[in-house]
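Participant: Questions regarding the structure given below will be posed in turn.
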Amino acid sequence: MNISQENIDDLNAVVSIELKPEDYKSQVDSAIKSQAKQAKLPGFRPGMVPVSHIKRTYGKAILIDEINKLVSNSLNDYLTENKLEILGQPLPKEEDTQYTWGFEDDYNFKYEIGLAPKVEIPFTEKDTLTEYVIKADDETLNSRISNLRKSYGKRSNPEVSEENDVLYGELTQVDAKGESIENGIVKTTSVRTDIIDDKKIKKNLVGLKKDDVVLIDLKKAYDESTVARLLDIEEDQVADLVGTFNLKVENVNRLEEAEMDQEFFDKIYGEGTVKTEEEFKAKVQEEIESMFVQNADQKLQNDMYTMGMDRVKAEFPDEFLKRWLKATNEKLTDEEIAEGYDDFVKNLKWTLIENKIINENKLEIQYEEVVAAAKDRLSAQLKMYGQQDLPDEQLSQYAMQLLQDKEQANRLFEEVKALKVFDHLKGIVKLEKKEIPYNEFLELK
């Protein structure tokens with residue numbers, strides 16, 4: 001067997017694998033004999049089918065299969081032994097050669113490969129990035145306190161609606177004349193007035209009582225996701241909605257905020273933990289700002305990503321990669337590949353940077369870390385649905401089940417890998433802490 005490599009340029013190469021009969025004959029003969037022992041054919045006792053019969057009947061198929069295995073294994077061994085960092089997978093090079101697949105023939109297979117560009121780690125101890133410490137601004141703090149007071153407040157059903165009430169009733173789709181649209185949407189639901197910004201619409205929903213009917217332009221009052229939830233339709237259907245809606249009020253719901261007293265404090269934080277309004281506000285602020293740590297980390301990660309991507313200049317074997325994407329995703333059109341190619345290359349470039357950091361610094365991703373990430377994911381999902389944490393043993397069992405899904409396992413591995421690189425870079429790059437109110441943090445790019 002002869003394996004050779006022809007470099008087309010710095011990013012493209014062709015690997016040729018030449019086979020002579022002595023390279024594949026013993027492997028093919030062994031496969032034919034094995035097939036003869038296992039074959040169950042009419043007229044022959046099990047395991048007694050003549051090798052000549054198997055070769056005559058199935059020999060060509062076995063030959064093709066064994067040569068393909070030999071070529072595939074040899075190509076992979078060659079790439080590994082020569083430490084070639086390739087992108088995607090080798091693609092068989094289209095040739096005019098038509099093989100007769102004889103048992104004494106010579107074969108020559110050619111594969112195109114895309115070579116990864118060389119990248120250097122773009123971060124040093126001389127670099128400086130801002131690590132934001134996000135503080136709760138007054139609006140955010142007051143909003144959180146208001147939500148807590150509503151959660152523990154008193155519910156009532158007044159006769160007449162006021163600002164920020166919830167109107168329970170029937171929404172009916174109507175045309176420009178105010179008449180019901182044939183086969184239009186009719187939905188009984190709860191309409192919140194506190195999240196409506198349009199002052200005119202909000203004013204029209206004040207002073208209503210049971211059986212009153214009011215016209216409301218839902219697309220003007222709410223964002224698309226809220227309209228979709230109200231009408232129980234898909235979000236992409238909202239843009240095509242025609243007409244407006246009549247709301248017939250069936251009930252007015254009002255939530256009065258809880259008093260800022262000791263009973264309220266005890267319900268939130270336990271008996272005697274918080275004793276004054278000032279202590280309560282400080283406790284809420286502490287909780288909010290602890291949640292902001294994740295936002296700050298994400299911003300720092302994004303800034304590191306931007307710095308690294310800007311500094312690393314790399315070219316890619318674009319035509320090869322587009323052919324590889326097409327070959328491995330047959331349903332993708334050329335237009336779809338062209339549209340998503342820039343984002344694909346950006347992800348590929350960052351992956352090369354990450355791998356360089358991991359390899360040069362001998363960072364290891366332990367299986368236990370992936371399991372821990374799976375447990376964290378499951379625990380967060382439980383909390384999202386208001387459920388209590390499971391015992392660690394049970395949570396571990398569910399985590400192992402989650403990791404049986406290859407796609408989920410790969411995603412979690414990549415998350416752990418990204419976090420490992422991020423933590424490493426935090427120990428290299430100089431970080432300057434800067435306090436910033438949450439409302440100003442949202443304005444950062």
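Every chain in the structure tokens takes a letter, A first, then B, and so on in the order presented; its residues are numbered from 1, and the ligands are numbered from 1 following the presented order.
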What's the 12 Å shell around region 41-53 of chain A, counting only C-alpha atoms, without same-chain residues fewer than 4 positions away, as a list of chain:residue names?

Facilitator: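 Selected residues are A:Val28, A:Asp29, A:Ser30, A:Ala31, A:Ile32, A:Lys33, A:Ser34, A:Gln35, A:Ala36, A:Lys37, A:Thr57, A:Tyr58, A:Gly59.
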
Participant: Got a sec: who's within 7 Å of Leu412 (chain A), counting only C-alpha atoms, leaving out chain neighbours fewer than 5 positions off, as a list in words?

Facilitator: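 Within the cut-off, the hits are Val370, Ala373 and Ala374 of chain A.
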
Participant: Just list as a PyMOL selection string whatever in region 16-196 of chain A DSSP marks as strand (DSSP E).

Facilitator: chain A and resi 16-19+86-92+107-115+128-135+154-156+166-174+186-192

Participant: Taking only C-alpha atoms into account, name the residue in A:Ile185, A:Glu369, A:Ile196, A:Thr244 that is nearest to Val214 (chain A).

Facilitator: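 Ranking A:Ile185, A:Glu369, A:Ile196, A:Thr244 by distance to Val214 (chain A), first place goes to A:Thr244.
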
Participant: Among region 242-371 of chain A, which ones does DSSP place in alpha helix (DSSP H), written as a ChimeraX atom specification?

Facilitator: /A:262-269,277-311,318-328,334-360,367-371

Participant: Per residue of region 2-28 of chain A within 10 Å of region 66-88 of chain A, note the shortest atom pair and the distance in Å to one decimal, counting only C-alpha atoms, and order the rows by chain and increasing residue number, as a Markdown table.

Facilitator:
| residue | atom | partner | partner_atom | distance |
| --- | --- | --- | --- | --- |
| A:Ile3 | CA | A:Tyr78 | CA | 7.9 |
| A:Ser4 | CA | A:Tyr78 | CA | 9.4 |
| A:Gln5 | CA | A:Tyr78 | CA | 9.9 |
| A:Leu11 | CA | A:Ile86 | CA | 9.1 |
| A:Asn12 | CA | A:Ile86 | CA | 9.5 |
| A:Ala13 | CA | A:Ile86 | CA | 10.0 |
| A:Val15 | CA | A:Leu75 | CA | 8.1 |
| A:Ser16 | CA | A:Leu75 | CA | 9.0 |
| A:Ile17 | CA | A:Val71 | CA | 7.2 |
| A:Glu18 | CA | A:Val71 | CA | 9.2 |
| A:Leu19 | CA | A:Val71 | CA | 8.7 |
| A:Asp23 | CA | A:Leu70 | CA | 9.0 |
| A:Tyr24 | CA | A:Ile67 | CA | 6.7 |
| A:Lys25 | CA | A:Ile67 | CA | 9.5 |
| A:Gln27 | CA | A:Glu66 | CA | 7.0 |
| A:Val28 | CA | A:Glu66 | CA | 6.1 |

Participant: Quick one: of A:Ile268, A:Lys187, A:Leu403, A:Lys200, who's nearest to Ala228 (chain A), counting only C-alpha atoms?

Facilitator: A:Lys187

Participant: Counting only C-alpha atoms, what is within 7 Å of region 349-363 of chain A, bar same-chain residues fewer than 3 positions away, as a tab-separated table (two decimals) with N, CA and C atoms, in the first residue's frame?

Facilitator:
chain	number	residue	atom	x	y	z
A	119	VAL	N	-3.39	28.86	14.05
A	119	VAL	CA	-3.78	30.01	14.86
A	119	VAL	C	-2.93	30.06	16.12
A	121	ILE	N	-2.66	31.69	20.18
A	121	ILE	CA	-3.52	32.15	21.27
A	121	ILE	C	-3.46	33.68	21.32
A	309	MET	N	-11.46	36.95	18.36
A	309	MET	CA	-11.84	36.86	16.95
A	309	MET	C	-11.24	38.01	16.15
A	345	VAL	N	-18.27	29.67	9.71
A	345	VAL	CA	-16.83	29.88	9.76
A	345	VAL	C	-16.42	30.58	11.05
A	346	LYS	N	-17.26	31.52	11.54
A	346	LYS	CA	-16.96	32.18	12.82
A	346	LYS	C	-16.90	31.16	13.94
A	421	VAL	N	-12.33	27.03	29.32
A	421	VAL	CA	-11.50	28.02	28.63
A	421	VAL	C	-11.69	29.40	29.25

Participant: Here is a test: counting only C-alpha atoms, which residue of A:Lys383, A:Lys331, A:Lys433, A:Lys313 is nearest to Glu120 (chain A)?

Facilitator: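 Of the candidates, the smallest distance to Glu120 (chain A) is held by A:Lys313.
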
Participant: Which residues are near Ser190 (chain A)? Cut-off 7 Å, only C-alpha atoms, ignore same chain within fewer than 5 positions. Put them as a count of residues only.

Facilitator: 4

Participant: Nearest to Lys118 (chain A) among A:Leu215, A:Val312, A:Lys40, A:Asp240, with distances taken over only C-alpha atoms: which residue is it?

Facilitator: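 The answer is A:Val312, which sits nearest to Lys118 (chain A).
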
Participant: Using only C-alpha atoms, find the one residue out of A:Glu364, A:Asp376, A:Asp236, A:Glu112 that sits nearest to Asp392 (chain A).

Facilitator: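 Closest residue, counting only C-alpha atoms: A:Asp376.
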
Participant: Which is closer to Glu277 (chain A) than all the others in A:Ala380, A:Ala239, A:Met260, A:Leu442, using only C-alpha atoms?

Facilitator: A:Met260

Participant: To one decimal place in Å, what is the distance between CA of Phe265 (chain A) and CA of Asn142 (chain A)?

Facilitator: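 These atoms are spaced 15.6 Å apart.
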
Participant: Hey, what's within 7 Å of Arg155 (chain A) if we count only C-alpha atoms and toss same-chain stuff fewer than 6 positions away? As a short mmCIF file (atom, residue, chain, number, x, y, z; two decimals) with C-alpha atoms, in the first residue's frame, please?

Facilitator:
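Output saved as around23.cif:
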data_model
loop_
_atom_site.label_atom_id
_atom_site.label_comp_id
_atom_site.auth_asym_id
_atom_site.auth_seq_id
_atom_site.Cartn_x
_atom_site.Cartn_y
_atom_site.Cartn_z
CA ARG A 254 -57.34 43.04 41.16
CA LEU A 255 -54.22 42.17 43.08
CA GLU A 256 -53.51 44.44 46.01
#
